[in-house]
file input_38.csv (CSV, N, CA and C atoms)
chain,number,residue,atom,x,y,z
A,1,MET,N,-126.7,86.7,-144.4
A,1,MET,CA,-126.4,88.0,-143.8
A,1,MET,C,-127.6,89.0,-144.1
A,2,ARG,N,-127.9,89.8,-143.1
A,2,ARG,CA,-129.0,90.8,-143.2
A,2,ARG,C,-128.5,92.0,-144.0
A,3,ASN,N,-129.4,92.7,-144.6
A,3,ASN,CA,-129.1,94.0,-145.2
A,3,ASN,C,-129.5,95.1,-144.3
A,4,ILE,N,-128.8,96.2,-144.3
A,4,ILE,CA,-129.2,97.4,-143.4
A,4,ILE,C,-129.2,98.6,-144.3
A,5,ASN,N,-130.2,99.4,-144.2
A,5,ASN,CA,-130.4,100.7,-144.8
A,5,ASN,C,-130.8,101.7,-143.7
A,6,LYS,N,-129.8,102.2,-143.0
A,6,LYS,CA,-130.2,103.1,-141.9
A,6,LYS,C,-129.2,104.3,-141.9
A,7,VAL,N,-129.8,105.5,-141.7
A,7,VAL,CA,-129.1,106.7,-141.6
A,7,VAL,C,-129.4,107.4,-140.3
A,8,ILE,N,-128.3,107.9,-139.7
A,8,ILE,CA,-128.4,108.7,-138.5
A,8,ILE,C,-127.6,110.0,-138.7
A,9,LEU,N,-128.3,111.1,-138.6
A,9,LEU,CA,-127.7,112.4,-138.8
A,9,LEU,C,-128.0,113.4,-137.7
A,10,ILE,N,-127.1,114.2,-137.3
A,10,ILE,CA,-127.3,115.4,-136.5
A,10,ILE,C,-126.8,116.6,-137.3
A,11,GLY,N,-127.7,117.5,-137.5
A,11,GLY,CA,-127.3,118.7,-138.3
A,11,GLY,C,-128.3,119.8,-138.2
A,12,ASN,N,-128.1,120.8,-139.0
A,12,ASN,CA,-128.9,122.0,-139.0
A,12,ASN,C,-129.8,122.1,-140.2
A,13,VAL,N,-131.0,122.5,-140.0
A,13,VAL,CA,-131.9,122.7,-141.2
A,13,VAL,C,-131.4,123.8,-142.0
A,14,ALA,N,-131.1,123.5,-143.3
A,14,ALA,CA,-130.5,124.5,-144.2
A,14,ALA,C,-131.6,125.3,-145.0
A,15,ARG,N,-132.7,124.7,-145.1
A,15,ARG,CA,-133.8,125.3,-145.8
A,15,ARG,C,-135.1,125.0,-145.1
A,16,ALA,N,-135.9,126.0,-144.9
A,16,ALA,CA,-137.2,125.8,-144.1
A,16,ALA,C,-138.0,124.7,-144.8
A,17,PRO,N,-138.7,123.9,-144.0
A,17,PRO,CA,-139.5,122.8,-144.5
A,17,PRO,C,-140.6,123.3,-145.4
A,18,GLU,N,-140.8,122.5,-146.5
A,18,GLU,CA,-141.9,122.8,-147.4
A,18,GLU,C,-142.9,121.6,-147.2
A,19,VAL,N,-144.2,122.0,-147.0
A,19,VAL,CA,-145.2,121.0,-146.7
A,19,VAL,C,-146.2,121.0,-148.0
A,20,ARG,N,-146.5,119.7,-148.3
A,20,ARG,CA,-147.5,119.5,-149.4
A,20,ARG,C,-148.4,118.4,-149.0
A,21,THR,N,-149.5,118.3,-149.7
A,21,THR,CA,-150.5,117.3,-149.4
A,21,THR,C,-150.7,116.5,-150.7
A,22,THR,N,-150.6,115.2,-150.6
A,22,THR,CA,-150.7,114.4,-151.8
A,22,THR,C,-152.2,114.3,-152.2
A,23,ASN,N,-152.4,113.8,-153.4
A,23,ASN,CA,-153.8,113.7,-153.9
A,23,ASN,C,-154.7,112.9,-153.0
A,24,ASN,N,-154.2,111.9,-152.2
A,24,ASN,CA,-155.0,111.1,-151.3
A,24,ASN,C,-155.1,111.7,-149.9
A,25,GLY,N,-154.5,113.0,-149.7
A,25,GLY,CA,-154.7,113.7,-148.5
A,25,GLY,C,-153.5,113.5,-147.5
A,26,GLN,N,-152.5,112.8,-147.8
A,26,GLN,CA,-151.4,112.5,-146.9
A,26,GLN,C,-150.4,113.7,-146.9
A,27,LYS,N,-150.0,114.2,-145.7
A,27,LYS,CA,-149.0,115.2,-145.7
A,27,LYS,C,-147.6,114.7,-146.0
A,28,MET,N,-146.8,115.6,-146.6
A,28,MET,CA,-145.4,115.3,-147.0
A,28,MET,C,-144.6,116.5,-146.8
A,29,THR,N,-143.5,116.4,-146.1
A,29,THR,CA,-142.6,117.6,-145.8
A,29,THR,C,-141.2,117.3,-146.4
A,30,THR,N,-140.6,118.2,-147.1
A,30,THR,CA,-139.3,118.1,-147.5
A,30,THR,C,-138.5,119.3,-147.0
A,31,PHE,N,-137.2,119.1,-146.8
A,31,PHE,CA,-136.3,120.1,-146.4
A,31,PHE,C,-134.8,119.6,-146.6
A,32,VAL,N,-133.9,120.5,-146.4
A,32,VAL,CA,-132.5,120.2,-146.6
A,32,VAL,C,-131.8,120.3,-145.2
A,33,LEU,N,-131.0,119.2,-144.9
A,33,LEU,CA,-130.3,119.2,-143.7
A,33,LEU,C,-128.8,119.4,-144.0
A,34,ALA,N,-128.1,120.2,-143.2
A,34,ALA,CA,-126.6,120.4,-143.5
A,34,ALA,C,-125.9,119.8,-142.3
A,35,THR,N,-124.9,119.0,-142.7
A,35,THR,CA,-123.9,118.5,-141.7
A,35,THR,C,-122.5,119.0,-142.1
A,36,ASN,N,-121.7,119.1,-141.1
A,36,ASN,CA,-120.3,119.6,-141.3
A,36,ASN,C,-119.3,118.5,-140.9
A,37,ARG,N,-118.2,118.5,-141.6
A,37,ARG,CA,-117.1,117.6,-141.3
A,37,ARG,C,-115.9,118.5,-141.2
A,38,THR,N,-115.1,118.3,-140.1
A,38,THR,CA,-113.9,119.1,-139.9
A,38,THR,C,-112.7,118.1,-139.7
A,39,TRP,N,-111.5,118.6,-140.2
A,39,TRP,CA,-110.3,117.8,-140.1
A,39,TRP,C,-109.1,118.8,-140.2
A,40,HIS,N,-108.0,118.3,-139.9
A,40,HIS,CA,-106.7,119.1,-140.0
A,40,HIS,C,-106.0,118.6,-141.2
A,41,ASP,N,-105.5,119.5,-142.1
A,41,ASP,CA,-104.8,119.1,-143.3
A,41,ASP,C,-103.3,118.8,-142.9
A,42,PRO,N,-102.5,118.3,-143.8
A,42,PRO,CA,-101.1,118.0,-143.5
A,42,PRO,C,-100.3,119.1,-142.9
A,43,ASN,N,-100.7,120.4,-143.1
A,43,ASN,CA,-100.0,121.5,-142.6
A,43,ASN,C,-100.6,121.9,-141.2
A,44,GLY,N,-101.5,121.2,-140.7
A,44,GLY,CA,-102.1,121.5,-139.4
A,44,GLY,C,-103.2,122.5,-139.4
A,45,HIS,N,-103.6,123.0,-140.6
A,45,HIS,CA,-104.7,123.9,-140.7
A,45,HIS,C,-106.1,123.2,-140.6
A,46,LYS,N,-107.0,123.8,-139.9
A,46,LYS,CA,-108.3,123.2,-139.7
A,46,LYS,C,-109.1,123.4,-141.0
A,47,GLN,N,-109.7,122.4,-141.5
A,47,GLN,CA,-110.5,122.4,-142.7
A,47,GLN,C,-112.0,122.0,-142.4
A,48,SER,N,-112.9,122.5,-143.1
A,48,SER,CA,-114.3,122.2,-142.9
A,48,SER,C,-115.0,122.0,-144.2
A,49,GLN,N,-116.0,121.0,-144.3
A,49,GLN,CA,-116.7,120.8,-145.5
A,49,GLN,C,-118.2,120.5,-145.1
A,50,ALA,N,-119.1,121.2,-145.7
A,50,ALA,CA,-120.5,121.0,-145.5
A,50,ALA,C,-121.1,120.0,-146.5
A,51,GLU,N,-122.0,119.2,-146.0
A,51,GLU,CA,-122.7,118.2,-146.9
A,51,GLU,C,-124.2,118.5,-146.7
A,52,PHE,N,-124.9,118.5,-147.8
A,52,PHE,CA,-126.3,118.8,-147.7
A,52,PHE,C,-127.2,117.6,-148.1
A,53,HIS,N,-128.2,117.3,-147.3
A,53,HIS,CA,-128.9,116.0,-147.4
A,53,HIS,C,-130.4,116.4,-147.7
A,54,ASN,N,-131.0,115.8,-148.7
A,54,ASN,CA,-132.4,115.9,-149.0
A,54,ASN,C,-133.2,115.1,-148.0
A,55,MET,N,-134.2,115.7,-147.3
A,55,MET,CA,-134.9,115.0,-146.3
A,55,MET,C,-136.4,114.9,-146.7
A,56,LEU,N,-137.1,113.8,-146.4
A,56,LEU,CA,-138.5,113.6,-146.7
A,56,LEU,C,-139.2,113.0,-145.5
A,57,ALA,N,-140.3,113.6,-145.1
A,57,ALA,CA,-141.1,113.0,-144.0
A,57,ALA,C,-142.6,112.9,-144.5
A,58,TRP,N,-143.2,111.9,-143.9
A,58,TRP,CA,-144.6,111.6,-144.3
A,58,TRP,C,-145.5,111.6,-143.0
A,59,GLY,N,-146.7,111.9,-143.2
A,59,GLY,CA,-147.7,111.7,-142.1
A,59,GLY,C,-147.4,112.5,-140.9
A,60,LYS,N,-147.5,111.9,-139.7
A,60,LYS,CA,-147.3,112.5,-138.4
A,60,LYS,C,-145.9,113.2,-138.3
A,61,ILE,N,-144.9,112.5,-138.8
A,61,ILE,CA,-143.5,113.1,-138.7
A,61,ILE,C,-143.5,114.4,-139.6
A,62,ALA,N,-144.2,114.4,-140.7
A,62,ALA,CA,-144.2,115.6,-141.6
A,62,ALA,C,-144.9,116.7,-140.8
A,63,GLU,N,-145.9,116.4,-140.1
A,63,GLU,CA,-146.5,117.5,-139.3
A,63,GLU,C,-145.6,118.0,-138.2
A,64,ILE,N,-144.8,117.1,-137.5
A,64,ILE,CA,-143.9,117.5,-136.5
A,64,ILE,C,-142.8,118.4,-137.1
A,65,CYS,N,-142.3,118.1,-138.3
A,65,CYS,CA,-141.3,118.9,-139.0
A,65,CYS,C,-141.9,120.3,-139.3
A,66,GLN,N,-143.1,120.3,-139.8
A,66,GLN,CA,-143.7,121.6,-140.1
A,66,GLN,C,-143.9,122.5,-138.9
A,67,ARG,N,-144.2,121.8,-137.8
A,67,ARG,CA,-144.5,122.6,-136.6
A,67,ARG,C,-143.2,123.1,-135.9
A,68,PHE,N,-142.2,122.3,-135.8
A,68,PHE,CA,-141.0,122.6,-134.9
A,68,PHE,C,-139.8,123.0,-135.7
A,69,LEU,N,-139.6,122.7,-137.0
A,69,LEU,CA,-138.4,123.0,-137.6
A,69,LEU,C,-138.4,124.3,-138.4
A,70,GLN,N,-137.3,125.0,-138.4
A,70,GLN,CA,-137.1,126.2,-139.2
A,70,GLN,C,-135.7,126.3,-139.6
A,71,LYS,N,-135.3,127.2,-140.4
A,71,LYS,CA,-133.9,127.3,-140.9
A,71,LYS,C,-133.0,127.4,-139.6
A,72,SER,N,-131.9,126.7,-139.6
A,72,SER,CA,-130.8,126.7,-138.6
A,72,SER,C,-131.2,125.8,-137.4
A,73,THR,N,-132.4,125.2,-137.3
A,73,THR,CA,-132.7,124.4,-136.2
A,73,THR,C,-131.8,123.1,-136.1
A,74,LEU,N,-131.2,122.8,-135.0
A,74,LEU,CA,-130.4,121.6,-134.8
A,74,LEU,C,-131.3,120.5,-134.5
A,75,VAL,N,-131.1,119.4,-135.3
A,75,VAL,CA,-132.0,118.2,-135.2
A,75,VAL,C,-131.3,116.9,-135.3
A,76,TYR,N,-131.8,115.9,-134.7
A,76,TYR,CA,-131.3,114.5,-134.8
A,76,TYR,C,-132.4,113.7,-135.6
A,77,ILE,N,-131.9,113.0,-136.6
A,77,ILE,CA,-132.8,112.3,-137.5
A,77,ILE,C,-132.3,110.9,-137.7
A,78,GLU,N,-133.3,109.9,-137.7
A,78,GLU,CA,-133.0,108.6,-138.1
A,78,GLU,C,-133.9,108.3,-139.3
A,79,GLY,N,-133.4,107.5,-140.2
A,79,GLY,CA,-134.2,107.2,-141.4
A,79,GLY,C,-133.5,106.2,-142.3
A,80,TYR,N,-133.9,106.2,-143.6
A,80,TYR,CA,-133.3,105.3,-144.5
A,80,TYR,C,-133.2,106.0,-145.9
A,81,LEU,N,-132.2,105.5,-146.7
A,81,LEU,CA,-132.0,106.1,-148.0
A,81,LEU,C,-133.0,105.6,-149.0
A,82,LYS,N,-133.5,106.4,-149.9
A,82,LYS,CA,-134.4,106.0,-150.9
A,82,LYS,C,-134.0,106.9,-152.2
A,83,THR,N,-133.8,106.2,-153.3
A,83,THR,CA,-133.5,106.9,-154.5
A,83,THR,C,-134.7,106.8,-155.5
A,84,ARG,N,-135.1,107.9,-156.0
A,84,ARG,CA,-136.2,107.8,-157.0
A,84,ARG,C,-135.7,108.4,-158.3
A,85,SER,N,-136.4,108.0,-159.4
A,85,SER,CA,-136.0,108.5,-160.7
A,85,SER,C,-137.2,109.0,-161.5
A,86,TRP,N,-137.0,109.8,-162.4
A,86,TRP,CA,-138.0,110.3,-163.3
A,86,TRP,C,-137.4,110.8,-164.6
A,87,GLU,N,-138.3,110.9,-165.6
A,87,GLU,CA,-137.8,111.4,-166.9
A,87,GLU,C,-138.5,112.8,-167.2
A,88,ASN,N,-137.8,113.7,-167.8
A,88,ASN,CA,-138.4,114.9,-168.3
A,88,ASN,C,-139.0,114.8,-169.7
A,89,ASP,N,-139.5,115.8,-170.2
A,89,ASP,CA,-140.2,115.8,-171.5
A,89,ASP,C,-139.2,115.4,-172.6
A,90,ALA,N,-137.9,115.7,-172.4
A,90,ALA,CA,-136.8,115.4,-173.4
A,90,ALA,C,-136.3,114.0,-173.2
A,91,ASN,N,-136.9,113.2,-172.4
A,91,ASN,CA,-136.5,111.8,-172.1
A,91,ASN,C,-135.1,111.7,-171.4
A,92,ASN,N,-134.8,112.8,-170.7
A,92,ASN,CA,-133.6,112.7,-169.8
A,92,ASN,C,-134.0,112.1,-168.5
A,93,ARG,N,-133.2,111.2,-168.0
A,93,ARG,CA,-133.5,110.5,-166.7
A,93,ARG,C,-132.7,111.3,-165.6
A,94,PHE,N,-133.4,111.5,-164.5
A,94,PHE,CA,-132.9,112.2,-163.3
A,94,PHE,C,-133.0,111.3,-162.1
A,95,TYR,N,-132.1,111.4,-161.2
A,95,TYR,CA,-132.1,110.6,-160.0
A,95,TYR,C,-132.0,111.6,-158.8
A,96,ARG,N,-132.6,111.2,-157.7
A,96,ARG,CA,-132.5,112.0,-156.4
A,96,ARG,C,-132.6,111.0,-155.3
A,97,THR,N,-131.5,111.1,-154.4
A,97,THR,CA,-131.5,110.3,-153.2
A,97,THR,C,-131.9,111.1,-152.1
A,98,GLU,N,-132.8,110.6,-151.3
A,98,GLU,CA,-133.4,111.3,-150.2
A,98,GLU,C,-133.3,110.4,-148.9
A,99,ILE,N,-133.4,111.0,-147.8
A,99,ILE,CA,-133.4,110.3,-146.5
A,99,ILE,C,-134.9,110.4,-146.0
A,100,VAL,N,-135.5,109.3,-146.0
A,100,VAL,CA,-136.9,109.2,-145.5
A,100,VAL,C,-136.8,109.1,-144.0
A,101,ILE,N,-137.4,110.1,-143.3
A,101,ILE,CA,-137.3,110.2,-141.8
A,101,ILE,C,-138.3,109.2,-141.2
A,102,GLN,N,-137.7,108.4,-140.2
A,102,GLN,CA,-138.5,107.5,-139.4
A,102,GLN,C,-138.6,108.0,-137.9
A,103,ASP,N,-137.6,108.8,-137.5
A,103,ASP,CA,-137.7,109.3,-136.1
A,103,ASP,C,-136.9,110.6,-136.1
A,104,ILE,N,-137.4,111.5,-135.3
A,104,ILE,CA,-136.8,112.9,-135.2
A,104,ILE,C,-136.8,113.3,-133.8
A,105,LEU,N,-135.8,114.0,-133.3
A,105,LEU,CA,-135.7,114.5,-132.0
A,105,LEU,C,-135.2,116.0,-132.1

call {"tool": "encode", "arguments": {"input": "input_38.csv", "output": "structure tokens"}}
result
Amino acid sequence: MRNINKVILIGNVARAPEVRTTNNGQKMTTFVLATNRTWHDPNGHKQSQAEFHNMLAWGKIAEICQRFLQKSTLVYIEGYLKTRSWENDANNRFYRTEIVIQDIL
């Protein structure tokens, strides 16, 4: 059986994209995407919950994000999940799961 790591999201940019350039000259853009889920509780009242996703784009897609995205922009994204980890000076380990963008509309 094949493995699949694919994410499809439609949401609003919650924080303006931040662009950086790596030591080897490659562009990288990060931003937060907000998606909302709504449902009715047992009493019939409409409920809503926001979820925030850490986004990461490289190269040409990073340039597209920088050029066209701003806070509150509605966007369609396809990508995959990637979790990275690091340690601080006190030897505490931290984890961050991001969506690496492969396509954006």

call {"tool": "closest_residue", "arguments": {"input": "input_38.csv", "among": "A:Val19, A:Leu81, A:Ala34, A:Ile101", "to": "Gln66 of chain A", "atoms": "all atoms listed in the file"}}
result
A:Val19

call {"tool": "closest_residue", "arguments": {"input": "input_38.csv", "among": "A:Lys71, A:Glu51, A:Thr83, A:Asn3", "to": "Arg37 of chain A", "atoms": "all atoms listed in the file"}}
result
A:Glu51

call {"tool": "closest_residue", "arguments": {"input": "input_38.csv", "among": "A:Ala90, A:Ile77, A:Ala16, A:Ile64", "to": "Ile104 of chain A", "atoms": "all atoms listed in the file"}}
result
A:Ile77

call {"tool": "atom_distance", "arguments": {"input": "input_38.csv", "atom1": "atom CA of Lys46 of chain A", "atom2": "atom CA of Asn12 of chain A"}}
result
20.6 Å

call {"tool": "atom_distance", "arguments": {"input": "input_38.csv", "atom1": "atom CA of Asn24 of chain A", "atom2": "atom N of Leu9 of chain A"}}
result
29.6 Å

call {"tool": "closest_residue", "arguments": {"input": "input_38.csv", "among": "A:Leu33, A:Tyr76, A:Lys27, A:Thr22", "to": "Lys60 of chain A", "atoms": "all atoms listed in the file"}}
result
A:Lys27

call {"tool": "atom_distance", "arguments": {"input": "input_38.csv", "atom1": "atom CA of Thr35 of chain A", "atom2": "atom CA of Trp58 of chain A"}}
result
22.0 Å

call {"tool": "select_by_dssp", "arguments": {"input": "input_38.csv", "residues": "chain A", "states": "strand (DSSP E or B)", "output": "ChimeraX atom specification"}}
result
/A:7-21,27-40,46-58,74-87,93-104

call {"tool": "closest_residue", "arguments": {"input": "input_38.csv", "among": "A:Ala57, A:Gly79, A:Thr21, A:Gln49", "to": "Asn5 of chain A", "atoms": "all atoms listed in the file"}}
result
A:Gly79

call {"tool": "select_by_dssp", "arguments": {"input": "input_38.csv", "residues": "chain A", "states": "alpha helix (DSSP H)", "output": "number ranges by chain"}}
result
A: 59-68

call {"tool": "closest_residue", "arguments": {"input": "input_38.csv", "among": "A:Leu56, A:Asn88, A:Tyr80, A:Gly44", "to": "Ile4 of chain A", "atoms": "all atoms listed in the file"}}
result
A:Tyr80

call {"tool": "residues_near_point", "arguments": {"input": "input_38.csv", "point": "(-135.2, 115.5, -149.8)", "cutoff": "8 Å", "atoms": "only C-alpha atoms", "output": "number ranges by chain"}}
result
A: 30-32, 53-56, 96-100

call {"tool": "build_atoms", "arguments": {"input": "input_38.csv", "residues": "segment 1-13 of chain A", "atoms": "N, CA, C and O atoms", "output": "PDB file, in the frame of the given file"}}
result
ATOM      1  N   MET A   1    -126.700  86.700-144.400  1.00  0.00           N
ATOM      2  CA  MET A   1    -126.400  88.000-143.800  1.00  0.00           C
ATOM      3  C   MET A   1    -127.600  89.000-144.100  1.00  0.00           C
ATOM      4  O   MET A   1    -128.072  89.064-145.177  1.00  0.00           O
ATOM      5  N   ARG A   2    -127.900  89.800-143.100  1.00  0.00           N
ATOM      6  CA  ARG A   2    -129.000  90.800-143.200  1.00  0.00           C
ATOM      7  C   ARG A   2    -128.500  92.000-144.000  1.00  0.00           C
ATOM      8  O   ARG A   2    -127.282  92.339-143.967  1.00  0.00           O
ATOM      9  N   ASN A   3    -129.400  92.700-144.600  1.00  0.00           N
ATOM     10  CA  ASN A   3    -129.100  94.000-145.200  1.00  0.00           C
ATOM     11  C   ASN A   3    -129.500  95.100-144.300  1.00  0.00           C
ATOM     12  O   ASN A   3    -130.503  94.965-143.520  1.00  0.00           O
ATOM     13  N   ILE A   4    -128.800  96.200-144.300  1.00  0.00           N
ATOM     14  CA  ILE A   4    -129.200  97.400-143.400  1.00  0.00           C
ATOM     15  C   ILE A   4    -129.200  98.600-144.300  1.00  0.00           C
ATOM     16  O   ILE A   4    -128.260  98.894-145.041  1.00  0.00           O
ATOM     17  N   ASN A   5    -130.200  99.400-144.200  1.00  0.00           N
ATOM     18  CA  ASN A   5    -130.400 100.700-144.800  1.00  0.00           C
ATOM     19  C   ASN A   5    -130.800 101.700-143.700  1.00  0.00           C
ATOM     20  O   ASN A   5    -131.987 101.862-143.494  1.00  0.00           O
ATOM     21  N   LYS A   6    -129.800 102.200-143.000  1.00  0.00           N
ATOM     22  CA  LYS A   6    -130.200 103.100-141.900  1.00  0.00           C
ATOM     23  C   LYS A   6    -129.200 104.300-141.900  1.00  0.00           C
ATOM     24  O   LYS A   6    -128.039 104.187-142.111  1.00  0.00           O
ATOM     25  N   VAL A   7    -129.800 105.500-141.700  1.00  0.00           N
ATOM     26  CA  VAL A   7    -129.100 106.700-141.600  1.00  0.00           C
ATOM     27  C   VAL A   7    -129.400 107.400-140.300  1.00  0.00           C
ATOM     28  O   VAL A   7    -130.508 107.500-139.884  1.00  0.00           O
ATOM     29  N   ILE A   8    -128.300 107.900-139.700  1.00  0.00           N
ATOM     30  CA  ILE A   8    -128.400 108.700-138.500  1.00  0.00           C
ATOM     31  C   ILE A   8    -127.600 110.000-138.700  1.00  0.00           C
ATOM     32  O   ILE A   8    -126.449 109.932-139.013  1.00  0.00           O
ATOM     33  N   LEU A   9    -128.300 111.100-138.600  1.00  0.00           N
ATOM     34  CA  LEU A   9    -127.700 112.400-138.800  1.00  0.00           C
ATOM     35  C   LEU A   9    -128.000 113.400-137.700  1.00  0.00           C
ATOM     36  O   LEU A   9    -129.168 113.368-137.177  1.00  0.00           O
ATOM     37  N   ILE A  10    -127.100 114.200-137.300  1.00  0.00           N
ATOM     38  CA  ILE A  10    -127.300 115.400-136.500  1.00  0.00           C
ATOM     39  C   ILE A  10    -126.800 116.600-137.300  1.00  0.00           C
ATOM     40  O   ILE A  10    -125.638 116.601-137.648  1.00  0.00           O
ATOM     41  N   GLY A  11    -127.700 117.500-137.500  1.00  0.00           N
ATOM     42  CA  GLY A  11    -127.300 118.700-138.300  1.00  0.00           C
ATOM     43  C   GLY A  11    -128.300 119.800-138.200  1.00  0.00           C
ATOM     44  O   GLY A  11    -129.205 119.749-137.373  1.00  0.00           O
ATOM     45  N   ASN A  12    -128.100 120.800-139.000  1.00  0.00           N
ATOM     46  CA  ASN A  12    -128.900 122.000-139.000  1.00  0.00           C
ATOM     47  C   ASN A  12    -129.800 122.100-140.200  1.00  0.00           C
ATOM     48  O   ASN A  12    -129.297 121.788-141.313  1.00  0.00           O
ATOM     49  N   VAL A  13    -131.000 122.500-140.000  1.00  0.00           N
ATOM     50  CA  VAL A  13    -131.900 122.700-141.200  1.00  0.00           C
ATOM     51  C   VAL A  13    -131.400 123.800-142.000  1.00  0.00           C
ATOM     52  O   VAL A  13    -131.151 124.903-141.520  1.00  0.00           O
TER      53      VAL A  13
END
